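As provided, work_31.cif (mmCIF, C-alpha atoms) reads as follows.
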data_run
#
loop_
_atom_site.label_atom_id
_atom_site.label_comp_id
_atom_site.auth_asym_id
_atom_site.auth_seq_id
_atom_site.Cartn_x
_atom_site.Cartn_y
_atom_site.Cartn_z
CA MET A 1 -17.51 24.05 57.76
CA VAL A 2 -19.08 24.48 54.34
CA ARG A 3 -19.27 20.71 54.02
CA LYS A 4 -21.01 20.42 57.39
CA THR A 5 -23.57 23.04 56.35
CA ILE A 6 -24.31 21.31 53.07
CA ALA A 7 -24.67 17.99 54.89
CA LEU A 8 -27.01 19.57 57.40
CA ALA A 9 -29.12 21.07 54.62
CA LEU A 10 -29.31 17.70 52.84
CA MET A 11 -30.30 15.90 56.01
CA SER A 12 -33.01 18.41 56.89
CA GLY A 13 -34.36 18.03 53.36
CA LEU A 14 -34.46 14.26 53.75
CA ALA A 15 -36.04 14.62 57.19
CA PHE A 16 -38.70 16.89 55.70
CA ILE A 17 -39.50 14.34 52.98
CA LEU A 18 -39.71 11.49 55.51
CA ALA A 19 -41.87 13.56 57.86
CA PHE A 20 -44.12 14.41 54.93
CA ILE A 21 -44.53 10.74 54.07
CA LEU A 22 -44.98 9.59 57.67
CA GLY A 23 -47.30 12.45 58.62
CA ASP A 24 -50.59 11.02 57.42
CA TRP A 25 -49.63 7.35 57.34
CA SER A 26 -51.76 4.86 59.22
CA PRO A 27 -51.73 1.04 59.14
CA MET A 28 -53.89 -0.69 56.54
CA GLU A 29 -57.23 -2.11 57.64
CA ARG A 30 -57.28 -5.18 55.39
CA LEU A 31 -55.08 -7.05 52.98
CA SER A 32 -55.29 -6.10 49.35
CA GLY A 33 -53.96 -7.08 45.95
CA VAL A 34 -51.45 -9.86 45.65
CA ALA A 35 -51.11 -10.33 49.43
CA TYR A 36 -54.84 -11.16 49.62
CA ASP A 37 -54.35 -13.92 47.04
CA TYR A 38 -51.28 -15.29 48.77
CA VAL A 39 -53.02 -15.49 52.15
CA THR A 40 -56.30 -16.95 50.87
CA ARG A 41 -54.76 -19.54 48.54
CA GLY A 42 -51.25 -20.09 49.92
CA ALA A 43 -52.02 -22.73 52.52
CA ALA A 44 -54.38 -24.73 50.31
CA ASP A 45 -52.23 -24.49 47.17
CA LEU A 46 -48.78 -25.11 48.58
CA GLY A 47 -49.46 -26.72 51.97
CA ALA A 48 -47.11 -24.38 53.86
CA MET A 49 -48.17 -23.06 57.27
CA ASN A 50 -45.67 -20.22 57.17
CA LEU A 51 -46.89 -17.90 54.44
CA VAL A 52 -43.62 -15.95 54.36
CA THR A 53 -41.87 -19.19 53.47
CA ALA A 54 -44.46 -19.93 50.79
CA ILE A 55 -43.76 -16.53 49.22
CA VAL A 56 -39.96 -16.69 49.54
CA VAL A 57 -39.55 -20.24 48.26
CA THR A 58 -42.35 -20.67 45.75
CA TYR A 59 -44.30 -17.59 44.69
CA ARG A 60 -41.14 -15.49 44.53
CA GLY A 61 -38.74 -18.41 44.13
CA LEU A 62 -36.91 -16.80 41.25
CA ASP A 63 -36.07 -13.79 43.47
CA THR A 64 -34.64 -16.18 46.04
CA LEU A 65 -32.53 -17.91 43.42
CA GLY A 66 -31.17 -14.49 42.44
CA GLU A 67 -30.56 -13.69 46.11
CA VAL A 68 -28.58 -16.90 46.58
CA THR A 69 -26.61 -15.97 43.46
CA VAL A 70 -25.78 -12.53 44.87
CA LEU A 71 -24.62 -14.11 48.12
CA PHE A 72 -22.49 -16.59 46.16
CA LEU A 73 -20.93 -13.79 44.10
CA ALA A 74 -20.15 -11.77 47.23
CA ALA A 75 -18.60 -14.81 48.91
CA SER A 76 -16.45 -15.53 45.85
CA GLY A 77 -15.45 -11.87 45.68
CA VAL A 78 -14.32 -11.94 49.30
CA ALA A 79 -12.41 -15.16 48.67
CA VAL A 80 -10.70 -13.85 45.51
CA LEU A 81 -9.68 -10.57 47.12
CA LEU A 82 -8.42 -11.97 50.40
CA ARG A 83 -7.04 -15.40 49.60
CA ARG A 84 -4.21 -14.35 47.29
CA LYS A 85 -2.82 -11.92 49.83
CA ARG A 86 -2.56 -14.64 52.38
CA ASP A 87 0.11 -16.55 50.47
CA GLU A 88 2.21 -13.45 49.87
CA ALA A 89 2.47 -12.22 53.41
CA ALA A 90 2.28 -15.37 55.44
CA ALA A 91 1.66 -15.05 59.16
CA THR A 92 1.31 -11.29 59.39
CA VAL A 93 -1.19 -11.61 62.21
CA LYS A 94 0.29 -12.89 65.43
CA ILE A 95 -1.85 -14.47 68.10
CA LYS A 96 -1.31 -12.29 71.12
CA ARG A 97 -2.83 -14.67 73.62
CA ALA A 98 -4.57 -18.01 73.25
CA ALA A 99 -8.27 -18.16 74.08
CA SER A 100 -8.99 -19.01 77.70
CA GLU A 101 -10.02 -22.43 78.92
CA ILE A 102 -13.61 -21.25 79.42
CA VAL A 103 -13.94 -20.10 75.81
CA THR A 104 -12.41 -23.25 74.30
CA THR A 105 -14.47 -25.59 76.48
CA GLY A 106 -17.64 -23.61 75.89
CA ALA A 107 -17.05 -23.54 72.14
CA SER A 108 -16.49 -27.27 71.81
CA LEU A 109 -19.48 -27.94 74.05
CA LEU A 110 -21.88 -25.56 72.32
CA SER A 111 -20.98 -25.66 68.62
CA PRO A 112 -22.60 -29.07 67.85
CA PHE A 113 -25.82 -27.89 69.46
CA ILE A 114 -25.72 -24.61 67.55
CA VAL A 115 -25.35 -26.52 64.27
CA MET A 116 -28.22 -28.78 65.30
CA PHE A 117 -30.36 -25.73 66.10
CA GLY A 118 -29.55 -24.27 62.67
CA ALA A 119 -30.64 -27.52 61.01
CA TYR A 120 -33.83 -27.46 63.09
CA ILE A 121 -34.55 -23.91 61.92
CA PHE A 122 -34.23 -24.69 58.22
CA LEU A 123 -36.03 -28.04 58.43
CA ASN A 124 -39.02 -26.36 60.10
CA GLY A 125 -39.02 -23.34 57.79
CA HIS A 126 -42.45 -24.18 56.38
CA LEU A 127 -44.04 -24.70 59.81
CA SER A 128 -42.60 -22.04 62.09
CA PRO A 129 -40.68 -18.76 61.89
CA GLY A 130 -37.37 -19.58 60.27
CA GLY A 131 -35.95 -20.92 57.06
CA GLY A 132 -32.84 -21.57 55.06
CA PHE A 133 -31.19 -18.18 55.39
CA GLN A 134 -31.76 -17.96 59.14
CA GLY A 135 -30.62 -21.53 59.71
CA GLY A 136 -27.55 -20.98 57.58
CA ALA A 137 -26.64 -17.87 59.58
CA VAL A 138 -27.00 -19.85 62.84
CA ILE A 139 -24.70 -22.58 61.47
CA ALA A 140 -22.14 -19.93 60.48
CA SER A 141 -22.29 -18.53 64.02
CA ALA A 142 -21.10 -21.93 65.29
CA VAL A 143 -18.11 -21.62 62.94
CA LEU A 144 -17.47 -18.11 64.28
CA LEU A 145 -17.47 -19.49 67.83
CA LEU A 146 -14.89 -22.11 66.80
CA PHE A 147 -12.71 -19.38 65.27
CA LEU A 148 -12.89 -17.35 68.48
CA ALA A 149 -11.84 -20.34 70.55
CA HIS A 150 -9.20 -21.69 68.15
CA PRO A 151 -7.76 -18.84 66.01
CA ASP A 152 -5.72 -21.29 63.92
CA TYR A 153 -8.71 -23.54 63.22
CA LYS A 154 -8.75 -24.68 59.57
CA LEU A 155 -11.93 -25.36 57.65
CA ARG A 156 -11.77 -28.18 55.14
CA HIS A 157 -12.25 -26.30 51.91
CA ASN A 158 -12.82 -29.37 49.76
CA VAL A 159 -15.80 -30.47 51.85
CA LEU A 160 -17.23 -26.94 52.00
CA ASN A 161 -16.87 -26.46 48.25
CA ILE A 162 -18.53 -29.80 47.51
CA ILE A 163 -21.47 -29.06 49.83
CA GLU A 164 -21.89 -25.57 48.39
CA SER A 165 -21.72 -26.60 44.73
CA PHE A 166 -23.94 -29.61 45.31
CA SER A 167 -26.66 -27.61 47.06
CA GLY A 168 -26.58 -24.81 44.49
CA PHE A 169 -26.77 -27.27 41.61
CA THR A 170 -29.55 -29.30 43.23
CA TYR A 171 -31.52 -26.12 43.94
CA VAL A 172 -31.60 -25.27 40.23
CA LEU A 173 -32.37 -28.92 39.43
CA VAL A 174 -35.36 -28.90 41.83
CA GLY A 175 -36.54 -25.72 40.14
CA LEU A 176 -36.33 -27.38 36.72
CA LEU A 177 -38.19 -30.46 38.04
CA GLY A 178 -40.97 -28.09 39.09
CA LEU A 179 -40.98 -26.68 35.58
CA PHE A 180 -41.36 -30.07 33.92
CA LEU A 181 -43.47 -32.01 36.45
CA ALA A 182 -45.65 -29.24 37.95
CA GLY A 183 -46.87 -25.75 37.19
CA GLY A 184 -43.66 -23.80 36.65
CA PHE A 185 -40.08 -23.05 37.61
CA LEU A 186 -39.54 -23.73 41.35
CA ASP A 187 -43.09 -25.04 41.75
CA ASN A 188 -43.04 -27.18 44.92
CA ARG A 189 -45.95 -29.45 43.99
CA PHE A 190 -44.07 -32.14 42.07
CA LEU A 191 -43.59 -33.84 45.45
CA PRO A 192 -46.75 -34.88 47.36
CA LEU A 193 -48.05 -32.13 49.63
CA GLY A 194 -48.42 -34.54 52.56
CA THR A 195 -50.41 -33.86 55.73
CA TYR A 196 -50.81 -30.16 56.43
CA GLY A 197 -48.70 -29.13 59.42
CA THR A 198 -46.29 -32.08 59.57
CA ILE A 199 -42.58 -31.89 58.81
CA LEU A 200 -42.85 -33.88 55.55
CA SER A 201 -45.39 -31.62 53.93
CA ALA A 202 -45.54 -28.66 51.55
CA GLY A 203 -43.96 -30.58 48.67
CA ALA A 204 -40.44 -29.47 47.82
CA ILE A 205 -40.29 -26.52 50.25
CA PRO A 206 -38.38 -28.37 53.04
CA LEU A 207 -36.00 -29.77 50.40
CA ILE A 208 -35.33 -26.34 48.88
CA TYR A 209 -34.88 -24.72 52.29
CA THR A 210 -32.47 -27.47 53.37
CA LEU A 211 -30.38 -26.82 50.27
CA ILE A 212 -30.48 -23.05 50.85
CA GLY A 213 -29.53 -23.56 54.50
CA LEU A 214 -26.50 -25.69 53.60
CA LYS A 215 -25.44 -23.25 50.89
CA VAL A 216 -25.81 -20.13 53.04
CA GLY A 217 -24.13 -21.81 56.00
CA THR A 218 -21.06 -22.87 54.00
CA GLU A 219 -20.83 -19.53 52.18
CA LEU A 220 -21.00 -17.47 55.37
CA ALA A 221 -18.46 -19.80 57.00
CA GLY A 222 -16.15 -19.23 54.03
CA ILE A 223 -16.56 -15.43 54.30
CA LEU A 224 -15.78 -15.62 58.02
CA GLU A 225 -12.67 -17.68 57.43
CA ASN A 226 -11.39 -15.35 54.72
CA MET A 227 -11.99 -12.28 56.88
CA LYS A 228 -10.30 -13.86 59.87
CA GLY A 229 -6.99 -13.69 58.02
CA ARG A 230 -4.10 -15.97 58.83
CA ALA A 231 -3.65 -16.56 62.50
CA MET B 1 -46.67 0.93 64.38
CA LYS B 2 -46.32 4.64 63.81
CA LEU B 3 -43.57 4.54 66.44
CA VAL B 4 -41.71 1.85 64.47
CA MET B 5 -42.01 3.98 61.35
CA VAL B 6 -40.59 7.03 63.14
CA LEU B 7 -37.76 4.97 64.64
CA GLY B 8 -36.95 3.56 61.21
CA ALA B 9 -36.89 7.04 59.69
CA ALA B 10 -34.63 8.24 62.52
CA LEU B 11 -32.23 5.35 61.90
CA MET B 12 -32.17 6.18 58.19
CA LEU B 13 -31.37 9.82 58.95
CA ILE B 14 -28.59 8.84 61.39
CA GLY B 15 -27.16 6.46 58.80
CA PHE B 16 -27.15 8.99 55.96
CA TRP B 17 -25.74 11.68 58.25
CA GLY B 18 -22.87 9.38 59.10
CA LEU B 19 -22.38 8.47 55.47
CA ILE B 20 -22.04 12.13 54.48
CA THR B 21 -19.95 13.47 57.35
CA ARG B 22 -17.56 10.60 58.22
CA ARG B 23 -14.28 10.20 56.35
CA ASN B 24 -13.33 6.84 57.83
CA MET B 25 -14.44 4.18 55.37
CA ILE B 26 -15.35 1.59 58.03
CA LYS B 27 -17.55 4.14 59.76
CA MET B 28 -19.18 4.94 56.42
CA ILE B 29 -20.05 1.27 55.92
CA LEU B 30 -21.44 1.05 59.43
CA SER B 31 -23.57 4.13 58.65
CA LEU B 32 -24.86 2.43 55.53
CA ALA B 33 -25.74 -0.65 57.61
CA ILE B 34 -27.63 1.56 60.10
CA ALA B 35 -29.58 3.24 57.29
CA GLU B 36 -30.37 -0.21 55.91
CA THR B 37 -31.78 -1.32 59.27
CA GLY B 38 -34.00 1.75 59.33
CA LEU B 39 -35.29 0.98 55.85
CA GLN B 40 -36.06 -2.59 56.87
CA LEU B 41 -38.02 -1.38 59.92
CA ILE B 42 -40.06 0.93 57.70
CA MET B 43 -40.77 -1.84 55.20
CA ILE B 44 -41.98 -4.19 57.94
CA ALA B 45 -44.18 -1.46 59.39
CA VAL B 46 -45.74 -0.74 55.98
CA GLY B 47 -47.09 -4.30 55.89
CA TYR B 48 -48.81 -4.04 59.25
CA ILE B 49 -52.56 -4.57 59.40
CA ASN B 50 -54.41 -3.13 62.40
CA GLY B 51 -54.65 -5.88 65.05
CA GLY B 52 -53.07 -8.50 62.78
CA THR B 53 -50.88 -11.39 63.87
CA ALA B 54 -47.93 -13.20 62.27
CA PRO B 55 -48.73 -14.80 58.88
CA ILE B 56 -48.27 -18.37 60.13
CA LEU B 57 -51.45 -20.41 59.86
CA ASP B 58 -51.08 -22.66 62.91
CA SER B 59 -53.73 -23.42 65.53
CA ALA B 60 -53.79 -19.79 66.70
CA VAL B 61 -55.14 -18.58 63.35
CA ASP B 62 -58.34 -19.89 61.85
CA LYS B 63 -57.49 -21.06 58.35
CA LEU B 64 -60.74 -19.92 56.76
CA SER B 65 -60.76 -16.38 58.16
CA ALA B 66 -56.98 -15.96 57.96
CA VAL B 67 -57.34 -12.99 55.62
CA GLN B 68 -58.87 -10.93 58.43
CA GLN B 69 -56.29 -12.00 61.02
CA VAL B 70 -52.78 -11.87 59.61
CA VAL B 71 -50.49 -9.04 58.55
CA ASP B 72 -49.15 -8.67 55.01
CA PRO B 73 -46.51 -11.39 54.40
CA VAL B 74 -45.10 -9.85 51.20
CA PRO B 75 -42.99 -7.04 52.82
CA GLN B 76 -41.65 -9.58 55.32
CA ALA B 77 -40.43 -11.81 52.49
CA LEU B 78 -38.86 -8.79 50.78
CA VAL B 79 -37.09 -7.73 53.98
CA LEU B 80 -35.75 -11.26 54.39
CA THR B 81 -34.18 -10.88 50.96
CA ALA B 82 -32.93 -7.38 51.77
CA ILE B 83 -31.19 -8.55 54.95
CA VAL B 84 -29.31 -11.31 53.16
CA ILE B 85 -28.26 -9.02 50.30
CA GLY B 86 -27.22 -6.41 52.88
CA VAL B 87 -24.95 -8.90 54.65
CA ALA B 88 -23.35 -9.91 51.34
CA VAL B 89 -22.78 -6.32 50.23
CA ASN B 90 -21.37 -5.26 53.62
CA ALA B 91 -18.94 -8.20 53.63
CA LEU B 92 -17.76 -7.35 50.11
CA MET B 93 -17.30 -3.65 50.96
CA LEU B 94 -15.30 -4.50 54.09
CA THR B 95 -13.12 -6.76 51.95
CA PHE B 96 -12.42 -3.89 49.57
CA ILE B 97 -11.40 -1.78 52.56
CA ILE B 98 -9.05 -4.48 53.84
CA ARG B 99 -7.36 -4.58 50.43
CA LEU B 100 -7.17 -0.78 50.19
CA TYR B 101 -5.66 -0.57 53.66
CA GLN B 102 -3.04 -3.16 52.75
CA LYS B 103 -2.04 -0.97 49.78
CA LYS B 104 -1.95 2.52 51.32
CA HIS B 105 -2.28 2.05 55.09
CA SER B 106 -5.04 4.61 55.36
CA LEU B 107 -8.74 4.37 56.11
CA ASN B 108 -9.50 7.97 55.20
CA ILE B 109 -11.48 8.12 51.98
CA SER B 110 -9.85 11.47 51.05
CA ASP B 111 -6.55 9.64 50.53
CA TYR B 112 -7.96 7.67 47.62
CA LYS B 113 -8.25 10.05 44.71
CA ASP B 114 -7.36 7.68 41.87
CA MET B 115 -10.92 7.36 40.65
CA LYS B 116 -11.96 10.93 41.46
CA TRP B 117 -12.83 13.16 38.52
#

Please go through the file and, once you have read it, give me the structure as structure tokens.
Amino acid sequence: MVRKTIALALMSGLAFILAFILGDWSPMERLSGVAYDYVTRGAADLGAMNLVTAIVVTYRGLDTLGEVTVLFLAASGVAVLLRRKRDEAAATVKIKRAASEIVTTGASLLSPFIVMFGAYIFLNGHLSPGGGFQGGAVIASAVLLLFLAHPDYKLRHNVLNIIESFSGFTYVLVGLLGLFLAGGFLDNRFLPLGTYGTILSAGAIPLIYTLIGLKVGTELAGILENMKGRA
Amino acid sequence: MKLVMVLGAALMLIGFWGLITRRNMIKMILSLAIAETGLQLIMIAVGYINGGTAPILDSAVDKLSAVQQVVDPVPQALVLTAIVIGVAVNALMLTFIIRLYQKKHSLNISDYKDMKW
């Protein structure tokens, strides 16, 4: 009872603060500061139609490298914590009932197209809404569908590890190339900017987003497989 | 946009309420995820410009007067980062819970007093 009261008091305090902040808030009328610079110069400087992509991959590229690192650390943490247990207590999870015909057929029919859609999303990250992280998540959802249809489905860890390490390494390498050949770390302009609005444009942005998409897709697939446990 | 702000604040309050009052660790993590969603809604709403459109400079947006037409892309990029980090952190926390449950067969956080001072 006391705990409930304290919680209620805390929440009403937080609600008061939020109401105070939201009370006289209204949307901005024009862009200001760094956003103004990004919008006025982003398209001409970097050749990317999608300004969010320009910010994520180039202007704030170092943040994104850190983000990929955090995701990698979390995926390795999940793997370290869950993989050892699996050898000790083999086959603790029993499959109660195999997936139905509809699910298995649907999964094998749809998963190639889902992977293709994920690749489309990260290849067009500089032209349309989307990018490496979104595309990677879509690819991982195809893996999830396969796990639902075939609970004993095994991923080939060697291939996944090679793809993941290769894309992470190449990402840093591309960043260093930007440092030596263009303006700075993760600068995309060491490759030609190409025609504005076509798929081979915006310098290294499609390359970086492809690498991020592969890395995120394999990492999320690994997390899913570890969490699935042993079927 | 004010509505989005209020909804985001409500989600944050629901999430923190759950985080304080629930004892089940999985429910606590779900509460944290709900609060996170609310925060992301608020951040997106902060970057809104009155009457602006998405910051993608295709044929719908005139390239020269884009500054007057698009919303702020910086909060959107930050929220993209926040979502990915949120997924990673949630997955890691759920893994910790799986391991804890394998040790003590309890999801109640009051049963784990080893690190309590």

Legend entry - Which of A:Leu18, A:Asn50, A:Lys228, A:Lys4 sits closest to Pro129 of chain A [using all atoms listed in the file]: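 Counting all atoms listed in the file, the residue closest to Pro129 of chain A is A:Asn50.
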
Legend entry - Straight-line distance linking atom CA of Ser141 of chain A with atom CA of Leu200 of chain A, stated in Å to one decimal: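 Answer for the atom CA of Ser141 of chain A to atom CA of Leu200 of chain A separation: 27.0 Å.
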
Inset, instruction - Name the residues captured by the PyMOL selection byres ((chain A) within 6 of (chain B)) when it is applied to the shown file; answer as a PyMOL selection string. - result: chain A and resi 27-29+49-52+56+71+74+78

Inset, instruction - Calculate how many Å separate atom CA of Ser106 of chain B from atom CA of Ile29 of chain B, rounding to one decimal. - result: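 Distance between the two atoms: 15.4 Å.
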
Legend entry - Selected residue of minimal separation from Thr40 of chain A among B:Lys116, B:Asp62, B:Ile97, B:Leu11, counting only C-alpha atoms: B:Asp62

Inset, instruction - Pick out the closest residue to Gln134 of chain A from this set: A:Phe180, A:Phe166, A:Tyr153, A:Tyr209. Count all atoms listed in the file. - result: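 Looking at the shortest contact to Gln134 of chain A, the residue is A:Tyr209.
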
Legend entry - Glu101 of chain A surroundings by all atoms listed in the file, 10 Å radius, close-in-sequence under 5 positions cut, as JSON, numbers by chain: {"A": [106, 107, 149]}

Inset, instruction - Translate the PyMOL selection byres ((chain A and resi 140) around 10), as applied to the file shown, into an explicit residue set as a count of residues only. - result: 25

Legend entry - Explicit residues for the PyMOL selection byres ((chain A and resi 122-128) around 7) (as a list in words):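 This file, filtered by the PyMOL selection byres ((chain A and resi 122-128) around 7), leaves Ala48, Met49, Asn50, Thr53, Gly118, Ala119, Tyr120, Ile121, Pro129, Gly130, Gly131, Gly132, Gly135, Gly197, Ile199, Ile205, Pro206, Tyr209, Thr210 and Gly213 of chain A.
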
Emit the selected residues as a compact mmCIF listing (two decimals), in the coordinates of the input, including C-alpha atoms.
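Produced file again-v7.txt, reproduced below:
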# COMPACT_ATOMS: atom_id res chain seq x y z
CA ALA A 48 -47.11 -24.38 53.86
CA MET A 49 -48.17 -23.06 57.27
CA ASN A 50 -45.67 -20.22 57.17
CA THR A 53 -41.87 -19.19 53.47
CA GLY A 118 -29.55 -24.27 62.67
CA ALA A 119 -30.64 -27.52 61.01
CA TYR A 120 -33.83 -27.46 63.09
CA ILE A 121 -34.55 -23.91 61.92
CA PRO A 129 -40.68 -18.76 61.89
CA GLY A 130 -37.37 -19.58 60.27
CA GLY A 131 -35.95 -20.92 57.06
CA GLY A 132 -32.84 -21.57 55.06
CA GLY A 135 -30.62 -21.53 59.71
CA GLY A 197 -48.70 -29.13 59.42
CA ILE A 199 -42.58 -31.89 58.81
CA ILE A 205 -40.29 -26.52 50.25
CA PRO A 206 -38.38 -28.37 53.04
CA TYR A 209 -34.88 -24.72 52.29
CA THR A 210 -32.47 -27.47 53.37
CA GLY A 213 -29.53 -23.56 54.50

Inset, instruction - May I have the protein, DNA and RNA residues with an atom at most 12 Å from (-51.8, -22.4, 46.5), counting only C-alpha atoms in the file's coordinates, returned as a count of residues only? - result: 25

Inset, instruction - Find the distance between atom CA of Phe133 of chain A and atom CA of Ile212 of chain A and write it in Å to one decimal. - result: 6.7 Å
